[in-house]
$ cat protein-v5.txt   # compact mmCIF, C-alpha atoms
# COMPACT_ATOMS: atom_id res chain seq x y z
CA GLU A 749 -131.84 -147.22 237.91
CA ASP A 750 -134.62 -147.64 240.47
CA GLN A 751 -133.89 -150.16 243.22
CA VAL A 752 -135.93 -151.72 246.00
CA THR A 753 -134.47 -153.87 248.79
CA GLN A 754 -136.68 -155.59 251.32
CA SER A 755 -135.60 -157.03 254.65
CA PRO A 756 -135.72 -159.44 256.26
CA GLU A 757 -136.17 -162.07 253.56
CA ALA A 758 -138.24 -164.16 255.98
CA LEU A 759 -139.79 -163.41 259.36
CA ARG A 760 -141.35 -165.84 261.79
CA LEU A 761 -143.51 -164.44 264.59
CA GLN A 762 -145.67 -165.82 267.33
CA GLU A 763 -149.29 -164.76 267.23
CA GLY A 764 -149.55 -161.37 268.95
CA GLU A 765 -145.83 -160.55 268.53
CA SER A 766 -145.62 -157.19 266.75
CA SER A 767 -142.82 -156.42 264.29
CA SER A 768 -141.85 -154.40 261.20
CA LEU A 769 -140.86 -155.12 257.63
CA ASN A 770 -138.43 -152.80 255.87
CA CYS A 771 -138.36 -151.54 252.28
CA SER A 772 -135.36 -149.43 251.26
CA TYR A 773 -135.58 -147.71 247.92
CA THR A 774 -133.66 -145.60 245.44
CA VAL A 775 -135.70 -143.84 242.81
CA SER A 776 -135.27 -140.75 240.73
CA GLY A 777 -138.38 -138.75 241.63
CA LEU A 778 -140.86 -140.90 243.54
CA ARG A 779 -144.39 -141.02 242.16
CA GLY A 780 -145.54 -143.57 244.70
CA LEU A 781 -144.49 -146.47 246.92
CA PHE A 782 -146.84 -149.44 247.04
CA TRP A 783 -147.31 -152.37 249.40
CA TYR A 784 -148.87 -155.63 248.28
CA ARG A 785 -149.67 -158.89 250.02
CA GLN A 786 -149.32 -162.16 248.10
CA ASP A 787 -150.60 -165.55 249.22
CA PRO A 788 -148.97 -168.68 247.72
CA GLY A 789 -150.12 -169.35 244.14
CA LYS A 790 -152.25 -166.18 244.01
CA GLY A 791 -151.80 -162.73 242.54
CA PRO A 792 -150.61 -159.84 244.74
CA GLU A 793 -153.30 -157.90 246.58
CA PHE A 794 -152.90 -154.13 246.76
CA LEU A 795 -152.61 -152.78 250.32
CA PHE A 796 -151.33 -149.19 250.39
CA THR A 797 -149.94 -146.30 248.38
CA LEU A 798 -147.61 -143.74 249.98
CA TYR A 799 -146.66 -140.61 248.07
CA SER A 800 -144.46 -138.46 250.28
CA ALA A 801 -142.18 -138.65 253.31
CA GLY A 802 -144.09 -138.53 256.57
CA GLU A 803 -147.20 -140.12 255.15
CA GLU A 804 -148.82 -143.03 257.02
CA LYS A 805 -151.62 -145.41 256.06
CA GLU A 806 -153.41 -147.99 258.23
CA LYS A 807 -155.57 -151.01 257.58
CA GLU A 808 -156.58 -153.35 260.40
CA ARG A 809 -153.31 -154.62 261.97
CA LEU A 810 -151.09 -153.07 259.29
CA LYS A 811 -149.56 -149.61 259.23
CA ALA A 812 -147.28 -148.34 256.47
CA THR A 813 -144.94 -145.39 256.88
CA LEU A 814 -142.62 -143.58 254.48
CA THR A 815 -139.36 -141.64 254.74
CA LYS A 816 -137.20 -140.32 251.92
CA LYS A 817 -135.19 -143.55 251.81
CA GLU A 818 -137.37 -146.31 253.21
CA SER A 819 -140.80 -147.55 254.11
CA PHE A 820 -141.87 -149.72 257.01
CA LEU A 821 -144.83 -152.04 257.25
CA HIS A 822 -145.67 -152.39 260.92
CA ILE A 823 -147.73 -155.41 261.94
CA THR A 824 -149.43 -155.10 265.31
CA ALA A 825 -150.52 -158.25 267.18
CA PRO A 826 -150.40 -160.43 264.05
CA LYS A 827 -152.64 -163.43 263.52
CA PRO A 828 -151.89 -166.62 261.54
CA GLU A 829 -154.01 -165.29 258.67
CA ASP A 830 -151.48 -162.48 258.22
CA SER A 831 -148.99 -165.07 256.97
CA ALA A 832 -148.08 -164.15 253.38
CA THR A 833 -145.33 -162.58 251.28
CA TYR A 834 -145.35 -158.79 251.46
CA LEU A 835 -144.06 -156.98 248.39
CA CYS A 836 -142.93 -153.37 248.16
CA ALA A 837 -142.79 -151.53 244.84
CA VAL A 838 -141.91 -148.02 243.67
CA GLN A 839 -142.81 -146.06 240.60
CA ALA A 840 -140.80 -143.09 239.40
CA ARG A 841 -142.49 -139.96 238.05
CA THR A 842 -140.67 -140.44 234.77
CA ASN A 843 -141.61 -144.12 234.45
CA ALA A 844 -145.38 -144.33 234.21
CA GLY A 845 -146.57 -147.91 234.03
CA LYS A 846 -143.35 -149.43 235.35
CA SER A 847 -143.22 -150.49 238.98
CA THR A 848 -139.95 -151.79 240.43
CA PHE A 849 -140.62 -154.56 242.93
CA GLY A 850 -138.53 -155.78 245.82
CA ASP A 851 -138.02 -159.51 246.37
CA GLY A 852 -140.52 -159.53 249.23
CA THR A 853 -140.60 -160.57 252.88
CA THR A 854 -142.26 -163.88 253.69
CA LEU A 855 -144.07 -163.59 257.00
CA THR A 856 -145.12 -166.66 258.98
CA VAL A 857 -147.24 -166.19 262.09
CA LYS A 858 -147.46 -169.22 264.38
CA PRO A 859 -150.51 -169.70 266.62
CA ASP B 377 -162.80 -161.58 245.57
CA THR B 378 -160.56 -160.18 242.83
CA GLU B 379 -162.18 -157.98 240.20
CA VAL B 380 -159.64 -159.05 237.60
CA THR B 381 -160.52 -162.46 236.22
CA GLN B 382 -158.00 -164.69 234.48
CA THR B 383 -158.60 -167.89 232.54
CA PRO B 384 -157.50 -170.60 232.53
CA LYS B 385 -156.16 -171.02 236.07
CA HIS B 386 -153.84 -173.82 234.91
CA LEU B 387 -152.46 -174.59 231.45
CA VAL B 388 -150.12 -177.34 230.30
CA MET B 389 -148.79 -177.09 226.77
CA GLY B 390 -146.19 -178.64 224.54
CA MET B 391 -143.53 -176.58 222.83
CA THR B 392 -145.34 -176.71 219.49
CA ASN B 393 -148.79 -175.76 220.80
CA LYS B 394 -150.62 -172.46 220.39
CA LYS B 395 -152.69 -171.30 223.34
CA SER B 396 -154.04 -168.09 224.82
CA LEU B 397 -154.41 -166.62 228.28
CA LYS B 398 -157.37 -164.34 228.89
CA CYS B 399 -157.98 -161.51 231.33
CA GLU B 400 -161.07 -159.42 232.02
CA GLN B 401 -161.71 -156.45 234.32
CA HIS B 402 -164.88 -154.46 234.92
CA MET B 403 -163.49 -151.66 237.07
CA GLY B 404 -163.35 -149.17 234.19
CA HIS B 405 -159.57 -149.17 234.33
CA ARG B 406 -157.78 -147.92 231.20
CA ALA B 407 -154.38 -149.56 231.78
CA MET B 408 -153.83 -153.30 231.67
CA TYR B 409 -150.67 -155.29 232.27
CA TRP B 410 -149.10 -158.69 231.81
CA TYR B 411 -146.55 -159.84 234.36
CA LYS B 412 -144.58 -163.07 234.63
CA GLN B 413 -143.66 -164.47 238.04
CA LYS B 414 -141.27 -167.30 238.81
CA ALA B 415 -141.22 -169.07 242.17
CA LYS B 416 -139.95 -166.93 245.06
CA LYS B 417 -139.34 -163.97 242.72
CA PRO B 418 -141.25 -160.70 242.32
CA PRO B 419 -143.52 -160.10 239.31
CA GLU B 420 -141.65 -159.13 236.15
CA LEU B 421 -143.33 -156.70 233.74
CA MET B 422 -143.95 -157.92 230.20
CA PHE B 423 -146.45 -155.59 228.51
CA VAL B 424 -148.58 -152.55 229.31
CA TYR B 425 -151.64 -151.39 227.39
CA SER B 426 -152.93 -147.87 227.91
CA TYR B 427 -156.31 -146.95 226.37
CA GLU B 428 -156.13 -150.18 224.34
CA LYS B 429 -152.78 -149.26 222.78
CA LEU B 430 -149.54 -151.11 223.52
CA SER B 431 -147.42 -148.65 225.51
CA ILE B 432 -144.67 -150.80 226.99
CA ASN B 433 -143.04 -153.98 225.70
CA GLU B 434 -140.21 -155.04 227.97
CA SER B 435 -138.27 -156.74 225.16
CA VAL B 436 -140.40 -159.85 225.46
CA PRO B 437 -139.68 -162.65 222.92
CA SER B 438 -142.08 -162.74 219.99
CA ARG B 439 -143.42 -166.14 221.06
CA PHE B 440 -145.55 -164.05 223.47
CA SER B 441 -148.07 -161.89 221.62
CA PRO B 442 -150.39 -159.56 223.54
CA GLU B 443 -153.75 -158.31 222.34
CA CYS B 444 -156.21 -155.82 223.82
CA PRO B 445 -159.57 -156.22 221.99
CA ASN B 446 -161.31 -153.59 224.14
CA SER B 447 -160.89 -151.69 227.39
CA SER B 448 -162.03 -154.66 229.50
CA LEU B 449 -160.18 -157.52 227.84
CA LEU B 450 -156.56 -158.51 227.53
CA ASN B 451 -155.17 -161.62 225.89
CA LEU B 452 -151.74 -163.19 225.77
CA HIS B 453 -151.18 -165.51 222.81
CA LEU B 454 -148.56 -168.19 223.30
CA HIS B 455 -146.72 -170.04 220.55
CA ALA B 456 -143.61 -172.21 220.43
CA LEU B 457 -142.82 -171.69 224.10
CA GLN B 458 -139.82 -173.12 225.91
CA PRO B 459 -139.83 -175.03 229.22
CA GLU B 460 -138.20 -172.00 230.89
CA ASP B 461 -141.36 -170.02 230.10
CA SER B 462 -143.19 -172.06 232.74
CA ALA B 463 -144.36 -169.57 235.36
CA LEU B 464 -147.35 -167.82 236.90
CA TYR B 465 -148.69 -165.25 234.42
CA LEU B 466 -150.43 -162.36 236.11
CA CYS B 467 -152.79 -159.84 234.59
CA ALA B 468 -153.24 -156.51 236.35
CA SER B 469 -155.09 -153.27 235.79
CA SER B 470 -154.86 -149.71 237.07
CA GLN B 471 -157.08 -146.65 236.65
CA VAL B 472 -154.61 -145.19 234.20
CA MET B 473 -150.94 -145.91 233.58
CA VAL B 474 -149.63 -143.17 235.86
CA THR B 475 -151.56 -144.16 238.99
CA GLY B 476 -149.36 -147.15 239.76
CA GLU B 477 -151.80 -148.99 242.03
CA LEU B 478 -152.11 -152.39 240.45
CA PHE B 479 -155.05 -154.74 240.86
CA PHE B 480 -153.98 -158.27 240.01
CA GLY B 481 -155.89 -161.32 238.95
CA GLU B 482 -155.20 -164.69 240.52
CA GLY B 483 -152.93 -165.70 237.68
CA SER B 484 -152.63 -168.48 235.14
CA ARG B 485 -150.15 -171.20 236.06
CA LEU B 486 -148.41 -172.24 232.83
CA THR B 487 -146.37 -175.41 232.44
CA VAL B 488 -144.48 -175.97 229.18
CA LEU B 489 -143.42 -179.56 228.56

$ encode --input "protein-v5.txt" --output "structure tokens"
Amino acid sequence: EDQVTQSPEALRLQEGESSSLNCSYTVSGLRGLFWYRQDPGKGPEFLFTLYSAGEEKEKERLKATLTKKESFLHITAPKPEDSATYLCAVQARTNAGKSTFGDGTTLTVKP
Amino acid sequence: DTEVTQTPKHLVMGMTNKKSLKCEQHMGHRAMYWYKQKAKKPPELMFVYSYEKLSINESVPSRFSPECPNSSLLNLHLHALQPEDSALYLCASSQVMVTGELFFGEGSRLTVL
């Protein structure tokens, strides 16, 4: 069974204080690992897809990396508008259409 | 702005009512999804349509009935719901079922009295 564990559950940062969110996964044949951002009461917003170990993707202050067992979402010099819940999900090659989500990390950035 | 549009944004219904949630996308995607999300929990897959055919039903109770009239539209018909069905219902689409990158709508907040 595919499993995704995200840590920490919650993270509070000062504006400008860089940090990382972790996503550990177990999947039988990874098709892709996905990061989403979700604001309260809204649907998740797609951020990145990573397909293989060693791959990196960047978007503004966010950088996602992938190893064979985990993914990190690095946040550089965060701003208050980066406050949200960040969800990680994996899809197995044998499970088209089914993404397994982690419980998310809720990030709060204080000005 | 999301390219997946869901209506209504909020819905309150009694346990004997019949209502529908609607979803529309104009990205040319051929896979569409219904997810249910409870507070502080991740989205939970309910149904997947691929090329307008139901491909995945995650053992959802029959009081939820999905419909895909065409490649752009997805409906979720609701009947005889229970208070525990109150949740945020999310529609999503992807290019095809195997791509995995989901584009979500803003959701329909359902309250069952």

$ closest_atom_pairs --input "protein-v5.txt" --of "chain B" --to "chain A" --cutoff "10 Å" --atoms "all atoms listed in the file" --output "Markdown table"
| residue | atom | partner | partner_atom | distance |
| --- | --- | --- | --- | --- |
| B:Thr378 | CA | A:Glu793 | CA | 8.5 |
| B:Val380 | CA | A:Gly791 | CA | 10.0 |
| B:Ala407 | CA | A:Gly845 | CA | 8.3 |
| B:Met408 | CA | A:Gly845 | CA | 9.3 |
| B:Tyr409 | CA | A:Gly845 | CA | 8.6 |
| B:Gln413 | CA | A:Gly791 | CA | 9.5 |
| B:Ala415 | CA | A:Gly789 | CA | 9.1 |
| B:Lys416 | CA | A:Asp851 | CA | 7.8 |
| B:Lys417 | CA | A:Asp851 | CA | 5.9 |
| B:Pro418 | CA | A:Asp851 | CA | 5.3 |
| B:Pro419 | CA | A:Phe849 | CA | 7.2 |
| B:Glu420 | CA | A:Phe849 | CA | 8.2 |
| B:Leu421 | CA | A:Lys846 | CA | 7.4 |
| B:Met422 | CA | A:Lys846 | CA | 9.9 |
| B:Phe423 | CA | A:Gly845 | CA | 9.5 |
| B:Val424 | CA | A:Gly845 | CA | 6.9 |
| B:Tyr425 | CA | A:Gly845 | CA | 9.1 |
| B:Ser426 | CA | A:Gly845 | CA | 8.8 |
| B:Ser431 | CA | A:Gly845 | CA | 8.6 |
| B:Ile432 | CA | A:Gly845 | CA | 7.8 |
| B:Glu434 | CA | A:Lys846 | CA | 9.8 |
| B:Leu464 | CA | A:Gly789 | CA | 7.9 |
| B:Tyr465 | CA | A:Gly791 | CA | 9.1 |
| B:Leu466 | CA | A:Gly791 | CA | 6.6 |
| B:Cys467 | CA | A:Gly791 | CA | 8.5 |
| B:Ala468 | CA | A:Gly791 | CA | 8.9 |
| B:Ser470 | CA | A:Gly845 | CA | 9.0 |
| B:Val472 | CA | A:Gly845 | CA | 8.5 |
| B:Met473 | CA | A:Gly845 | CA | 4.8 |
| B:Val474 | CA | A:Ala844 | CA | 4.7 |
| B:Thr475 | CA | A:Ala844 | CA | 7.8 |
| B:Gly476 | CA | A:Gly845 | CA | 6.4 |
| B:Glu477 | CA | A:Phe782 | CA | 7.1 |
| B:Leu478 | CA | A:Phe794 | CA | 6.6 |
| B:Phe479 | CA | A:Phe794 | CA | 6.3 |
| B:Phe480 | CA | A:Gly791 | CA | 5.6 |
| B:Gly481 | CA | A:Gly791 | CA | 5.6 |
| B:Glu482 | CA | A:Gly791 | CA | 4.4 |
| B:Gly483 | CA | A:Gly791 | CA | 5.8 |
| B:Ser484 | CA | A:Lys790 | CA | 9.2 |
| B:Arg485 | CA | A:Gly789 | CA | 8.3 |

$ atom_distance --input "protein-v5.txt" --atom1 "CA of Pro442 in chain B" --atom2 "CA of Glu428 in chain B"
11.0 Å

$ atom_distance --input "protein-v5.txt" --atom1 "CA of Asp750 in chain A" --atom2 "CA of Glu804 in chain A"
22.3 Å

$ atom_distance --input "protein-v5.txt" --atom1 "CA of Lys858 in chain A" --atom2 "CA of Lys811 in chain A"
20.4 Å

$ residues_around --input "protein-v5.txt" --residues "Val388 in chain B" --least-positions-apart "2" --cutoff "6 Å" --atoms "all atoms listed in the file" --output "list in words"
Leu486, Thr487 and Val488 of chain B

$ write_last_selection --input "protein-v5.txt" --atoms "C-alpha atoms" --output "PDB file, keeping the file's coordinate frame"
ATOM      1  CA  LEU B 486    -148.410-172.240 232.830  1.00  0.00           C
ATOM      2  CA  THR B 487    -146.370-175.410 232.440  1.00  0.00           C
ATOM      3  CA  VAL B 488    -144.480-175.970 229.180  1.00  0.00           C
TER       4      VAL B 488
END

$ residues_around --input "protein-v5.txt" --residues "Ala456 in chain B" --least-positions-apart "4" --cutoff "10 Å" --atoms "only C-alpha atoms" --output "PyMOL selection string"
chain B and resi 389-395+438-440+488

$ build_atoms --input "protein-v5.txt" --residues "range 385-397 of chain B" --atoms "N, CA and C atoms" --output "mmCIF file, in the frame of the given file"
data_model
loop_
_atom_site.group_PDB
_atom_site.id
_atom_site.type_symbol
_atom_site.label_atom_id
_atom_site.label_comp_id
_atom_site.auth_asym_id
_atom_site.auth_seq_id
_atom_site.Cartn_x
_atom_site.Cartn_y
_atom_site.Cartn_z
ATOM 1 N N LYS B 385 -156.980 -171.081 234.858
ATOM 2 C CA LYS B 385 -156.160 -171.020 236.070
ATOM 3 C C LYS B 385 -154.884 -171.845 235.899
ATOM 4 N N HIS B 386 -154.997 -172.942 235.163
ATOM 5 C CA HIS B 386 -153.840 -173.820 234.910
ATOM 6 C C HIS B 386 -153.820 -174.168 233.430
ATOM 7 N N LEU B 387 -152.618 -174.236 232.859
ATOM 8 C CA LEU B 387 -152.460 -174.590 231.450
ATOM 9 C C LEU B 387 -151.167 -175.377 231.297
ATOM 10 N N VAL B 388 -151.290 -176.533 230.636
ATOM 11 C CA VAL B 388 -150.120 -177.340 230.300
ATOM 12 C C VAL B 388 -150.049 -177.397 228.782
ATOM 13 N N MET B 389 -148.913 -177.071 228.221
ATOM 14 C CA MET B 389 -148.790 -177.090 226.770
ATOM 15 C C MET B 389 -147.430 -177.606 226.325
ATOM 16 N N GLY B 390 -147.444 -178.192 225.140
ATOM 17 C CA GLY B 390 -146.190 -178.640 224.540
ATOM 18 C C GLY B 390 -145.538 -177.473 223.820
ATOM 19 N N MET B 391 -144.304 -177.665 223.439
ATOM 20 C CA MET B 391 -143.530 -176.580 222.830
ATOM 21 C C MET B 391 -144.051 -176.189 221.449
ATOM 22 N N THR B 392 -144.835 -177.045 220.815
ATOM 23 C CA THR B 392 -145.340 -176.710 219.490
ATOM 24 C C THR B 392 -146.784 -176.187 219.508
ATOM 25 N N ASN B 393 -147.385 -176.169 220.698
ATOM 26 C CA ASN B 393 -148.790 -175.760 220.800
ATOM 27 C C ASN B 393 -148.965 -174.255 220.649
ATOM 28 N N LYS B 394 -150.203 -173.864 220.324
ATOM 29 C CA LYS B 394 -150.620 -172.460 220.390
ATOM 30 C C LYS B 394 -151.767 -172.374 221.375
ATOM 31 N N LYS B 395 -151.630 -171.493 222.341
ATOM 32 C CA LYS B 395 -152.690 -171.300 223.340
ATOM 33 C C LYS B 395 -152.803 -169.821 223.667
ATOM 34 N N SER B 396 -153.864 -169.477 224.402
ATOM 35 C CA SER B 396 -154.040 -168.090 224.820
ATOM 36 C C SER B 396 -154.448 -168.005 226.280
ATOM 37 N N LEU B 397 -153.954 -166.971 226.936
ATOM 38 C CA LEU B 397 -154.410 -166.620 228.280
ATOM 39 C C LEU B 397 -155.343 -165.416 228.153
#
